[in-house]
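First the structure, in the form of structure tokens, and then the observations on it.
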Amino acid sequence: MAARPELQAPPEIFYDQSEARKYTSSSRIIDIQAKLSERALELLALPDDGVPRLLLDIGCGSGLSGETLSENGHQWIGLDISEAMLDVAVEREVEGDLLLADMGQGLGFRAGVIDGAISISAVQWLCNADKSSHEPRLRLKAFFGSLYRSLARGARAVLQVYPQNVAQRELILGSAMRAGFAGGVVVDYPHSSKSRKEYLVLTCGPPSLNAAVPNAKGEDGMSCSEDDSSGDEENQTVTISDRNRPRKKRKLDKKSKGKDWVLRKKEQLRRKGSSVPADTKYTARKRKSRF
């Protein structure tokens with residue numbers, strides 16, 4: 001199994017001129033990108049009124065996802081950190097506007113101008129510290145905070161991600177919730193290791209009927225009901241009431257360590273050759289606050 005790209009090198013280095021052209025010329029990649037983008041656009045749930053929307057493609061690469069947005073009649077802005085990928089997008093004459101930018105430093109758009117956002121296989125890169133100055137939590141905070149400000153109230157962002165583990169998934173979802181988003185994770189084909197896809201479906205603003213997380217797709221391609229997906233711990237929904245502000249760390253009510261525990265620890269240290277005070281009647285006795 002090939003190593004995950006984000007574990008091999010930073011995106012601007014991994015996707016050099018050679019890799020960018022190889023990626024864009026692969027018929028398999030093109031097909032996968034088209035399907036993921038169609039699904040992301042479906043989860044955006046844009047009004048079916050024939051009015052073009054201004055959408056954001058985060059980690060747009062060579063513009064494969066943007067082509068799906070154009071085919072559906074929307075205008076879009078794409079940003080990517082790989083200059084080589086954007087060069088290929090320019091050569092392909094994609095219809096969107098392109099920006100060379102690091103999403104981990106925040107999105108520099110005016111507040112409320114974006115009608116929706118998609119991202120295909122990009123956000124998990126923020127979980128890696130590629131430079132000594134990179135702190136994943138701070139980069140995710142900058143990204144989700146600026147994305148929230150850029151979106152119009154009630155607009156959605158659909159981010160398809162490949163989290164490496166549960167901790168990464170929780171880190172990404174938690175950062176989104178703290179930024180102000182409502183929503184959760186939609187997992188398509190949850191029981192298939194090959195077809196499984198995760199989408200972070202976020203709504204900007206207070207929860208509403210439109211903020212409900214859509215149903216995932218099952219093995220037959222049909223939507224799973226709530227009962228079908230209730231057993232998947234990844235399908236989780238978090239509303240604004242759950243994360244109005246970061247909670248202070250609570251002190252755990254741990255049982256005080258008694259004399260037996262202290263004596264065992266001292267005996268262990270003695271066996272290791274450490275210098276340990278002799279046992280007395282005062283051992284492990286709690287000292288008064290004042291004499």
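Ligands are numbered from 1 in the order shown, chains are lettered A, B, ... in the order of the structure tokens, and residues start at 1 in each chain.
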Problem set entry | Residue neighbourhood region 146-152 of chain A, 12 Å, only C-alpha atoms, exclusion window fewer than 4 positions, as a PyMOL selection string | chain A and resi 53-58+103-119+139-142+156-159+175-182+202-206
Problem set entry | Pick from A:Val94, A:Trp125, A:Ala45, A:Lys22 nearest to Gly154 (chain A), counting only C-alpha atoms |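 Selected residue with least distance to Gly154 (chain A): A:Ala45.
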As a compact mmCIF listing (two decimals) with all heavy atoms, in the first residue's frame, which residues of region 37-211 of chain A does DSSP assign to strand (DSSP E or B)?
# COMPACT_ATOMS: atom_id res chain seq x y z
N LEU A 54 -21.26 31.80 -6.06
CA LEU A 54 -19.81 31.96 -5.98
C LEU A 54 -19.30 30.97 -4.94
O LEU A 54 -19.58 31.10 -3.74
CB LEU A 54 -19.43 33.38 -5.58
CG LEU A 54 -17.92 33.65 -5.40
CD1 LEU A 54 -17.17 33.38 -6.70
CD2 LEU A 54 -17.67 35.08 -4.91
N LEU A 55 -18.56 29.96 -5.40
CA LEU A 55 -18.10 28.88 -4.53
C LEU A 55 -16.59 28.93 -4.39
O LEU A 55 -15.88 29.45 -5.26
CB LEU A 55 -18.53 27.53 -5.09
CG LEU A 55 -20.04 27.36 -5.34
CD1 LEU A 55 -20.33 25.97 -5.91
CD2 LEU A 55 -20.84 27.58 -4.07
N LEU A 56 -16.12 28.36 -3.31
CA LEU A 56 -14.69 28.31 -3.02
C LEU A 56 -14.23 26.86 -3.09
O LEU A 56 -14.86 25.97 -2.50
CB LEU A 56 -14.43 28.88 -1.63
CG LEU A 56 -12.98 29.00 -1.17
CD1 LEU A 56 -12.19 29.92 -2.09
CD2 LEU A 56 -12.92 29.53 0.26
N ASP A 57 -13.16 26.60 -3.83
CA ASP A 57 -12.55 25.27 -3.92
C ASP A 57 -11.22 25.32 -3.19
O ASP A 57 -10.24 25.89 -3.69
CB ASP A 57 -12.38 24.87 -5.39
CG ASP A 57 -11.86 23.44 -5.54
OD1 ASP A 57 -11.67 22.76 -4.51
OD2 ASP A 57 -11.64 23.00 -6.68
N ILE A 58 -11.18 24.74 -2.00
CA ILE A 58 -10.00 24.82 -1.13
C ILE A 58 -9.09 23.64 -1.43
O ILE A 58 -9.49 22.48 -1.32
CB ILE A 58 -10.43 24.81 0.35
CG1 ILE A 58 -11.39 25.96 0.62
CG2 ILE A 58 -9.22 24.89 1.26
CD1 ILE A 58 -12.19 25.79 1.89
N GLN A 75 -19.84 29.86 -10.47
CA GLN A 75 -18.55 30.53 -10.53
C GLN A 75 -17.74 30.09 -9.32
O GLN A 75 -18.30 29.81 -8.27
CB GLN A 75 -18.73 32.05 -10.53
CG GLN A 75 -19.52 32.57 -11.72
CD GLN A 75 -19.79 34.07 -11.64
OE1 GLN A 75 -19.69 34.65 -10.57
NE2 GLN A 75 -20.14 34.66 -12.76
N TRP A 76 -16.43 30.04 -9.46
CA TRP A 76 -15.64 29.56 -8.33
C TRP A 76 -14.26 30.19 -8.26
O TRP A 76 -13.73 30.68 -9.25
CB TRP A 76 -15.50 28.03 -8.38
CG TRP A 76 -14.88 27.46 -9.63
CD1 TRP A 76 -15.51 27.23 -10.81
CD2 TRP A 76 -13.51 27.07 -9.81
NE1 TRP A 76 -14.63 26.71 -11.73
CE2 TRP A 76 -13.39 26.59 -11.14
CE3 TRP A 76 -12.40 27.06 -8.99
CZ2 TRP A 76 -12.19 26.12 -11.65
CZ3 TRP A 76 -11.19 26.60 -9.49
CH2 TRP A 76 -11.10 26.12 -10.82
N ILE A 77 -13.74 30.19 -7.05
CA ILE A 77 -12.38 30.64 -6.77
C ILE A 77 -11.64 29.44 -6.18
O ILE A 77 -12.12 28.79 -5.25
CB ILE A 77 -12.36 31.80 -5.77
CG1 ILE A 77 -13.15 32.99 -6.33
CG2 ILE A 77 -10.93 32.21 -5.44
CD1 ILE A 77 -13.35 34.12 -5.31
N GLY A 78 -10.48 29.13 -6.74
CA GLY A 78 -9.69 28.02 -6.24
C GLY A 78 -8.39 28.50 -5.62
O GLY A 78 -7.76 29.42 -6.13
N LEU A 79 -8.03 27.90 -4.51
CA LEU A 79 -6.74 28.24 -3.89
C LEU A 79 -5.97 26.97 -3.60
O LEU A 79 -6.54 25.93 -3.28
CB LEU A 79 -6.93 29.08 -2.63
CG LEU A 79 -7.65 28.49 -1.43
CD1 LEU A 79 -6.66 27.82 -0.48
CD2 LEU A 79 -8.39 29.57 -0.68
N ASP A 80 -4.66 27.06 -3.72
CA ASP A 80 -3.79 25.90 -3.48
C ASP A 80 -2.41 26.42 -3.11
O ASP A 80 -2.01 27.51 -3.52
CB ASP A 80 -3.72 25.01 -4.72
CG ASP A 80 -3.30 23.59 -4.38
OD1 ASP A 80 -2.10 23.35 -4.19
OD2 ASP A 80 -4.19 22.72 -4.29
N ASP A 97 -11.15 31.46 -10.89
CA ASP A 97 -10.02 32.31 -10.52
C ASP A 97 -9.12 31.54 -9.56
O ASP A 97 -9.62 30.84 -8.67
CB ASP A 97 -10.51 33.59 -9.85
CG ASP A 97 -11.33 34.46 -10.80
OD1 ASP A 97 -10.94 34.57 -11.98
OD2 ASP A 97 -12.36 35.01 -10.37
N LEU A 98 -7.81 31.67 -9.71
CA LEU A 98 -6.87 30.86 -8.95
C LEU A 98 -6.01 31.71 -8.04
O LEU A 98 -5.57 32.80 -8.42
CB LEU A 98 -5.97 30.07 -9.92
CG LEU A 98 -6.69 29.17 -10.92
CD1 LEU A 98 -5.69 28.58 -11.92
CD2 LEU A 98 -7.46 28.07 -10.21
N LEU A 99 -5.78 31.20 -6.82
CA LEU A 99 -4.96 31.90 -5.85
C LEU A 99 -3.89 30.96 -5.30
O LEU A 99 -4.19 29.81 -4.98
CB LEU A 99 -5.81 32.40 -4.67
CG LEU A 99 -6.88 33.46 -4.96
CD1 LEU A 99 -7.69 33.72 -3.70
CD2 LEU A 99 -6.23 34.75 -5.44
N LEU A 100 -2.65 31.44 -5.22
CA LEU A 100 -1.59 30.70 -4.56
C LEU A 100 -1.62 31.09 -3.09
O LEU A 100 -1.31 32.23 -2.74
CB LEU A 100 -0.23 31.03 -5.19
CG LEU A 100 0.99 30.36 -4.56
CD1 LEU A 100 0.93 28.84 -4.73
CD2 LEU A 100 2.28 30.91 -5.18
N ILE A 114 -18.80 34.45 0.17
CA ILE A 114 -18.76 33.13 -0.44
C ILE A 114 -20.08 32.40 -0.17
O ILE A 114 -20.55 32.34 0.97
CB ILE A 114 -17.58 32.30 0.10
CG1 ILE A 114 -16.25 33.05 -0.11
CG2 ILE A 114 -17.53 30.93 -0.57
CD1 ILE A 114 -15.90 33.30 -1.55
N ASP A 115 -20.68 31.84 -1.22
CA ASP A 115 -21.98 31.17 -1.09
C ASP A 115 -21.85 29.70 -0.70
O ASP A 115 -22.86 29.05 -0.39
CB ASP A 115 -22.76 31.26 -2.41
CG ASP A 115 -23.07 32.70 -2.78
OD1 ASP A 115 -23.48 33.46 -1.89
OD2 ASP A 115 -22.90 33.07 -3.96
N GLY A 116 -20.66 29.17 -0.74
CA GLY A 116 -20.45 27.77 -0.38
C GLY A 116 -19.00 27.40 -0.65
O GLY A 116 -18.31 28.07 -1.43
N ALA A 117 -18.53 26.33 -0.01
CA ALA A 117 -17.14 25.92 -0.19
C ALA A 117 -17.05 24.40 -0.22
O ALA A 117 -17.80 23.72 0.47
CB ALA A 117 -16.26 26.47 0.94
N ILE A 118 -16.14 23.91 -1.05
CA ILE A 118 -15.85 22.48 -1.07
C ILE A 118 -14.34 22.30 -0.95
O ILE A 118 -13.56 23.22 -1.24
CB ILE A 118 -16.36 21.77 -2.35
CG1 ILE A 118 -15.55 22.21 -3.57
CG2 ILE A 118 -17.84 22.01 -2.55
CD1 ILE A 118 -15.79 21.34 -4.81
N SER A 119 -13.94 21.13 -0.53
CA SER A 119 -12.52 20.79 -0.49
C SER A 119 -12.42 19.28 -0.64
O SER A 119 -13.11 18.53 0.04
CB SER A 119 -11.88 21.24 0.83
OG SER A 119 -10.52 20.86 0.88
N ILE A 120 -11.57 18.85 -1.55
CA ILE A 120 -11.39 17.42 -1.81
C ILE A 120 -9.98 17.01 -1.40
O ILE A 120 -8.99 17.45 -1.98
CB ILE A 120 -11.63 17.09 -3.31
CG1 ILE A 120 -13.00 17.63 -3.76
CG2 ILE A 120 -11.53 15.59 -3.54
CD1 ILE A 120 -14.19 17.04 -3.01
N LEU A 151 -17.92 32.87 4.62
CA LEU A 151 -19.19 32.33 4.13
C LEU A 151 -20.36 33.22 4.49
O LEU A 151 -20.40 33.84 5.56
CB LEU A 151 -19.42 30.93 4.71
CG LEU A 151 -18.50 29.81 4.21
CD1 LEU A 151 -18.70 28.55 5.05
CD2 LEU A 151 -18.76 29.51 2.74
N ALA A 152 -21.36 33.25 3.60
CA ALA A 152 -22.61 33.92 3.91
C ALA A 152 -23.35 33.14 4.99
O ALA A 152 -23.19 31.93 5.09
CB ALA A 152 -23.46 34.03 2.64
N ARG A 153 -24.13 33.82 5.81
CA ARG A 153 -24.85 33.12 6.87
C ARG A 153 -25.80 32.09 6.27
O ARG A 153 -26.53 32.36 5.33
CB ARG A 153 -25.68 34.10 7.71
CG ARG A 153 -24.89 35.13 8.51
CD ARG A 153 -23.83 34.50 9.39
NE ARG A 153 -22.60 34.19 8.66
CZ ARG A 153 -21.41 34.39 9.10
NH1 ARG A 153 -21.25 34.93 10.28
NH2 ARG A 153 -20.34 34.08 8.40
N GLY A 154 -25.75 30.90 6.82
CA GLY A 154 -26.57 29.80 6.32
C GLY A 154 -25.91 28.99 5.23
O GLY A 154 -26.43 27.94 4.83
N ALA A 155 -24.75 29.46 4.73
CA ALA A 155 -24.05 28.73 3.67
C ALA A 155 -23.35 27.51 4.25
O ALA A 155 -23.07 27.43 5.45
CB ALA A 155 -23.05 29.65 2.97
N ARG A 156 -23.05 26.56 3.37
CA ARG A 156 -22.39 25.33 3.80
C ARG A 156 -20.97 25.23 3.26
O ARG A 156 -20.64 25.79 2.22
CB ARG A 156 -23.18 24.11 3.33
CG ARG A 156 -24.29 23.66 4.25
CD ARG A 156 -24.90 22.37 3.77
NE ARG A 156 -25.92 21.87 4.70
CZ ARG A 156 -26.64 20.79 4.50
NH1 ARG A 156 -26.46 20.07 3.41
NH2 ARG A 156 -27.55 20.41 5.39
N ALA A 157 -20.17 24.45 3.98
CA ALA A 157 -18.87 24.03 3.50
C ALA A 157 -18.83 22.51 3.60
O ALA A 157 -19.20 21.95 4.63
CB ALA A 157 -17.75 24.64 4.33
N VAL A 158 -18.42 21.85 2.52
CA VAL A 158 -18.33 20.38 2.50
C VAL A 158 -16.88 20.03 2.23
O VAL A 158 -16.35 20.30 1.15
CB VAL A 158 -19.25 19.78 1.43
CG1 VAL A 158 -19.08 18.26 1.39
CG2 VAL A 158 -20.70 20.14 1.71
N LEU A 159 -16.24 19.42 3.21
CA LEU A 159 -14.82 19.12 3.14
C LEU A 159 -14.63 17.61 3.16
O LEU A 159 -14.89 16.96 4.18
CB LEU A 159 -14.08 19.75 4.32
CG LEU A 159 -14.47 21.20 4.66
CD1 LEU A 159 -13.77 21.66 5.92
CD2 LEU A 159 -14.14 22.14 3.49
N GLN A 160 -14.19 17.04 2.03
CA GLN A 160 -13.92 15.61 1.99
C GLN A 160 -12.50 15.41 2.51
O GLN A 160 -11.54 16.03 2.04
CB GLN A 160 -14.05 15.09 0.55
CG GLN A 160 -13.94 13.58 0.41
CD GLN A 160 -12.50 13.15 0.18
OE1 GLN A 160 -11.75 13.80 -0.54
NE2 GLN A 160 -12.12 12.04 0.78
N VAL A 161 -12.37 14.54 3.51
CA VAL A 161 -11.08 14.38 4.19
C VAL A 161 -10.72 12.90 4.30
O VAL A 161 -11.58 12.02 4.25
CB VAL A 161 -11.09 15.02 5.59
CG1 VAL A 161 -11.24 16.52 5.50
CG2 VAL A 161 -12.21 14.43 6.44
N PHE A 181 -19.10 26.71 13.52
CA PHE A 181 -19.89 25.91 12.60
C PHE A 181 -20.81 24.94 13.34
O PHE A 181 -20.51 24.47 14.45
CB PHE A 181 -18.99 25.09 11.67
CG PHE A 181 -18.32 25.89 10.59
CD1 PHE A 181 -16.98 26.23 10.69
CD2 PHE A 181 -19.03 26.31 9.48
CE1 PHE A 181 -16.35 26.97 9.69
CE2 PHE A 181 -18.41 27.04 8.47
CZ PHE A 181 -17.08 27.38 8.58
N ALA A 182 -21.94 24.64 12.71
CA ALA A 182 -22.79 23.52 13.12
C ALA A 182 -22.66 22.45 12.04
O ALA A 182 -22.36 22.76 10.88
CB ALA A 182 -24.24 23.97 13.27
N GLY A 183 -22.90 21.21 12.39
CA GLY A 183 -22.82 20.14 11.39
C GLY A 183 -22.19 18.91 11.96
O GLY A 183 -22.27 18.64 13.15
N GLY A 184 -21.54 18.13 11.11
CA GLY A 184 -20.93 16.89 11.55
C GLY A 184 -20.30 16.14 10.38
O GLY A 184 -20.05 16.72 9.32
N VAL A 185 -20.07 14.87 10.57
CA VAL A 185 -19.38 14.03 9.60
C VAL A 185 -20.38 13.10 8.92
O VAL A 185 -21.18 12.45 9.58
CB VAL A 185 -18.27 13.19 10.27
CG1 VAL A 185 -17.56 12.31 9.25
CG2 VAL A 185 -17.27 14.10 10.96
N VAL A 186 -20.33 13.06 7.59
CA VAL A 186 -21.11 12.11 6.80
C VAL A 186 -20.13 11.08 6.23
O VAL A 186 -19.15 11.45 5.58
CB VAL A 186 -21.87 12.80 5.66
CG1 VAL A 186 -22.53 11.78 4.75
CG2 VAL A 186 -22.91 13.76 6.22
N VAL A 187 -20.38 9.81 6.48
CA VAL A 187 -19.51 8.73 6.00
C VAL A 187 -20.27 7.91 4.97
O VAL A 187 -21.23 7.21 5.30
CB VAL A 187 -19.04 7.82 7.16
CG1 VAL A 187 -18.09 6.75 6.62
CG2 VAL A 187 -18.36 8.64 8.24
N ASP A 188 -19.87 7.99 3.71
CA ASP A 188 -20.45 7.17 2.64
C ASP A 188 -19.78 5.81 2.62
O ASP A 188 -18.56 5.71 2.82
CB ASP A 188 -20.26 7.85 1.28
CG ASP A 188 -21.22 9.02 1.08
OD1 ASP A 188 -22.11 9.21 1.92
OD2 ASP A 188 -21.06 9.74 0.07
N LYS A 197 -15.80 7.00 2.22
CA LYS A 197 -15.43 8.40 2.07
C LYS A 197 -16.05 9.20 3.20
O LYS A 197 -17.21 8.99 3.55
CB LYS A 197 -15.91 8.95 0.71
CG LYS A 197 -15.26 8.30 -0.50
CD LYS A 197 -13.79 8.62 -0.59
CE LYS A 197 -13.14 8.02 -1.84
NZ LYS A 197 -13.11 6.54 -1.79
N GLU A 198 -15.29 10.13 3.74
CA GLU A 198 -15.76 10.97 4.83
C GLU A 198 -15.89 12.42 4.37
O GLU A 198 -14.98 12.95 3.73
CB GLU A 198 -14.81 10.90 6.02
CG GLU A 198 -14.73 9.53 6.66
CD GLU A 198 -13.92 9.54 7.95
OE1 GLU A 198 -13.86 10.61 8.60
OE2 GLU A 198 -13.37 8.48 8.31
N TYR A 199 -17.01 13.03 4.72
CA TYR A 199 -17.27 14.42 4.38
C TYR A 199 -17.62 15.19 5.65
O TYR A 199 -18.51 14.77 6.40
CB TYR A 199 -18.42 14.56 3.38
CG TYR A 199 -18.20 13.88 2.05
CD1 TYR A 199 -18.48 12.52 1.90
CD2 TYR A 199 -17.72 14.58 0.95
CE1 TYR A 199 -18.28 11.88 0.69
CE2 TYR A 199 -17.52 13.94 -0.27
CZ TYR A 199 -17.80 12.58 -0.39
OH TYR A 199 -17.60 11.95 -1.59
N LEU A 200 -16.93 16.28 5.88
CA LEU A 200 -17.28 17.17 6.97
C LEU A 200 -18.27 18.19 6.40
O LEU A 200 -17.91 19.01 5.56
CB LEU A 200 -16.02 17.86 7.50
CG LEU A 200 -16.11 18.61 8.82
CD1 LEU A 200 -16.55 17.68 9.93
CD2 LEU A 200 -14.78 19.25 9.16
N VAL A 201 -19.52 18.11 6.85
CA VAL A 201 -20.59 18.98 6.33
C VAL A 201 -20.88 20.04 7.38
O VAL A 201 -21.42 19.74 8.45
CB VAL A 201 -21.85 18.16 6.00
CG1 VAL A 201 -22.93 19.07 5.42
CG2 VAL A 201 -21.53 17.04 5.02
N LEU A 202 -20.53 21.28 7.09
CA LEU A 202 -20.61 22.37 8.06
C LEU A 202 -21.55 23.46 7.58
O LEU A 202 -21.58 23.78 6.39
CB LEU A 202 -19.22 22.97 8.28
CG LEU A 202 -18.10 21.99 8.66
CD1 LEU A 202 -16.76 22.70 8.65
CD2 LEU A 202 -18.38 21.35 10.01
N THR A 203 -22.29 24.02 8.50
CA THR A 203 -23.19 25.13 8.19
C THR A 203 -22.76 26.36 8.96
O THR A 203 -22.49 26.29 10.16
CB THR A 203 -24.65 24.78 8.54
OG1 THR A 203 -25.04 23.63 7.80
CG2 THR A 203 -25.58 25.93 8.17
N CYS A 204 -22.69 27.48 8.27
CA CYS A 204 -22.27 28.73 8.88
C CYS A 204 -23.48 29.44 9.48
O CYS A 204 -24.42 29.78 8.76
CB CYS A 204 -21.61 29.62 7.81
SG CYS A 204 -21.05 31.20 8.41
Exercise. So which residues touch Gln33 (chain A) within 9 Å, counting only C-alpha atoms, skipping near sequence neighbours fewer than 2 positions away, as JSON, numbers by chain?
Worked result: {"A": [28, 29, 30, 31, 35, 36, 37, 38, 64, 65, 68, 120]}
The selected residues should be written to file as an mmCIF file, in the first residue's frame (atoms: all heavy atoms).
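Ended up saving to selection.cif:
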data_model
loop_
_atom_site.group_PDB
_atom_site.id
_atom_site.type_symbol
_atom_site.label_atom_id
_atom_site.label_comp_id
_atom_site.auth_asym_id
_atom_site.auth_seq_id
_atom_site.Cartn_x
_atom_site.Cartn_y
_atom_site.Cartn_z
ATOM 1 N N ARG A 28 -7.869 7.610 -13.821
ATOM 2 C CA ARG A 28 -8.447 7.134 -12.559
ATOM 3 C C ARG A 28 -8.642 8.292 -11.586
ATOM 4 O O ARG A 28 -9.707 8.425 -10.961
ATOM 5 C CB ARG A 28 -7.536 6.075 -11.942
ATOM 6 C CG ARG A 28 -7.961 5.612 -10.563
ATOM 7 C CD ARG A 28 -7.048 4.515 -10.044
ATOM 8 N NE ARG A 28 -7.272 4.258 -8.632
ATOM 9 C CZ ARG A 28 -6.696 4.928 -7.644
ATOM 10 N NH1 ARG A 28 -5.828 5.905 -7.943
ATOM 11 N NH2 ARG A 28 -6.955 4.647 -6.381
ATOM 12 N N ILE A 29 -7.627 9.147 -11.462
ATOM 13 C CA ILE A 29 -7.721 10.299 -10.562
ATOM 14 C C ILE A 29 -8.820 11.249 -11.030
ATOM 15 O O ILE A 29 -9.596 11.771 -10.216
ATOM 16 C CB ILE A 29 -6.371 11.039 -10.489
ATOM 17 C CG1 ILE A 29 -5.313 10.159 -9.814
ATOM 18 C CG2 ILE A 29 -6.519 12.358 -9.751
ATOM 19 C CD1 ILE A 29 -5.605 9.842 -8.365
ATOM 20 N N ILE A 30 -8.889 11.483 -12.326
ATOM 21 C CA ILE A 30 -9.904 12.385 -12.875
ATOM 22 C C ILE A 30 -11.299 11.875 -12.541
ATOM 23 O O ILE A 30 -12.190 12.643 -12.132
ATOM 24 C CB ILE A 30 -9.726 12.529 -14.397
ATOM 25 C CG1 ILE A 30 -8.415 13.266 -14.708
ATOM 26 C CG2 ILE A 30 -10.907 13.266 -15.015
ATOM 27 C CD1 ILE A 30 -8.076 13.305 -16.190
ATOM 28 N N ASP A 31 -11.517 10.577 -12.690
ATOM 29 C CA ASP A 31 -12.819 9.985 -12.398
ATOM 30 C C ASP A 31 -13.152 10.100 -10.907
ATOM 31 O O ASP A 31 -14.285 10.451 -10.539
ATOM 32 C CB ASP A 31 -12.822 8.521 -12.837
ATOM 33 C CG ASP A 31 -14.165 7.839 -12.607
ATOM 34 O OD1 ASP A 31 -15.166 8.312 -13.174
ATOM 35 O OD2 ASP A 31 -14.214 6.841 -11.862
ATOM 36 N N LYS A 35 -16.278 12.318 -9.138
ATOM 37 C CA LYS A 35 -17.303 11.722 -8.272
ATOM 38 C C LYS A 35 -17.330 12.392 -6.898
ATOM 39 O O LYS A 35 -18.394 12.670 -6.347
ATOM 40 C CB LYS A 35 -17.049 10.221 -8.131
ATOM 41 C CG LYS A 35 -17.323 9.425 -9.407
ATOM 42 C CD LYS A 35 -17.017 7.944 -9.209
ATOM 43 C CE LYS A 35 -17.312 7.158 -10.484
ATOM 44 N NZ LYS A 35 -16.970 5.715 -10.326
ATOM 45 N N LEU A 36 -16.142 12.636 -6.336
ATOM 46 C CA LEU A 36 -16.081 13.285 -5.027
ATOM 47 C C LEU A 36 -16.631 14.708 -5.085
ATOM 48 O O LEU A 36 -17.329 15.157 -4.168
ATOM 49 C CB LEU A 36 -14.638 13.304 -4.520
ATOM 50 C CG LEU A 36 -14.008 11.943 -4.191
ATOM 51 C CD1 LEU A 36 -12.541 12.122 -3.806
ATOM 52 C CD2 LEU A 36 -14.760 11.258 -3.063
ATOM 53 N N SER A 37 -16.329 15.407 -6.165
ATOM 54 C CA SER A 37 -16.807 16.784 -6.313
ATOM 55 C C SER A 37 -18.317 16.820 -6.500
ATOM 56 O O SER A 37 -18.999 17.705 -5.955
ATOM 57 C CB SER A 37 -16.111 17.454 -7.504
ATOM 58 O OG SER A 37 -14.705 17.409 -7.359
ATOM 59 N N GLU A 38 -18.863 15.881 -7.272
ATOM 60 C CA GLU A 38 -20.316 15.803 -7.453
ATOM 61 C C GLU A 38 -21.012 15.552 -6.117
ATOM 62 O O GLU A 38 -22.041 16.155 -5.803
ATOM 63 C CB GLU A 38 -20.668 14.692 -8.449
ATOM 64 C CG GLU A 38 -20.384 15.023 -9.906
ATOM 65 C CD GLU A 38 -21.400 15.986 -10.502
ATOM 66 O OE1 GLU A 38 -22.371 16.347 -9.803
ATOM 67 O OE2 GLU A 38 -21.216 16.376 -11.673
ATOM 68 N N LEU A 64 -9.427 20.098 -11.216
ATOM 69 C CA LEU A 64 -10.327 18.998 -11.566
ATOM 70 C C LEU A 64 -11.681 19.146 -10.888
ATOM 71 O O LEU A 64 -12.727 18.916 -11.505
ATOM 72 C CB LEU A 64 -9.682 17.657 -11.180
ATOM 73 C CG LEU A 64 -8.392 17.284 -11.915
ATOM 74 C CD1 LEU A 64 -7.844 15.958 -11.396
ATOM 75 C CD2 LEU A 64 -8.636 17.199 -13.419
ATOM 76 N N SER A 65 -11.685 19.520 -9.613
ATOM 77 C CA SER A 65 -12.944 19.716 -8.897
ATOM 78 C C SER A 65 -13.679 20.945 -9.422
ATOM 79 O O SER A 65 -14.908 20.961 -9.501
ATOM 80 C CB SER A 65 -12.690 19.864 -7.393
ATOM 81 O OG SER A 65 -12.049 18.724 -6.871
ATOM 82 N N THR A 68 -16.137 20.461 -12.251
ATOM 83 C CA THR A 68 -17.475 20.012 -11.861
ATOM 84 C C THR A 68 -18.344 21.201 -11.466
ATOM 85 O O THR A 68 -19.531 21.254 -11.806
ATOM 86 C CB THR A 68 -17.372 19.019 -10.685
ATOM 87 O OG1 THR A 68 -16.615 17.884 -11.093
ATOM 88 C CG2 THR A 68 -18.754 18.566 -10.231
ATOM 89 N N ILE A 120 -11.571 18.846 -1.546
ATOM 90 C CA ILE A 120 -11.392 17.422 -1.809
ATOM 91 C C ILE A 120 -9.979 17.009 -1.403
ATOM 92 O O ILE A 120 -8.992 17.453 -1.983
ATOM 93 C CB ILE A 120 -11.632 17.093 -3.307
ATOM 94 C CG1 ILE A 120 -13.002 17.629 -3.763
ATOM 95 C CG2 ILE A 120 -11.527 15.588 -3.540
ATOM 96 C CD1 ILE A 120 -14.189 17.043 -3.014
#
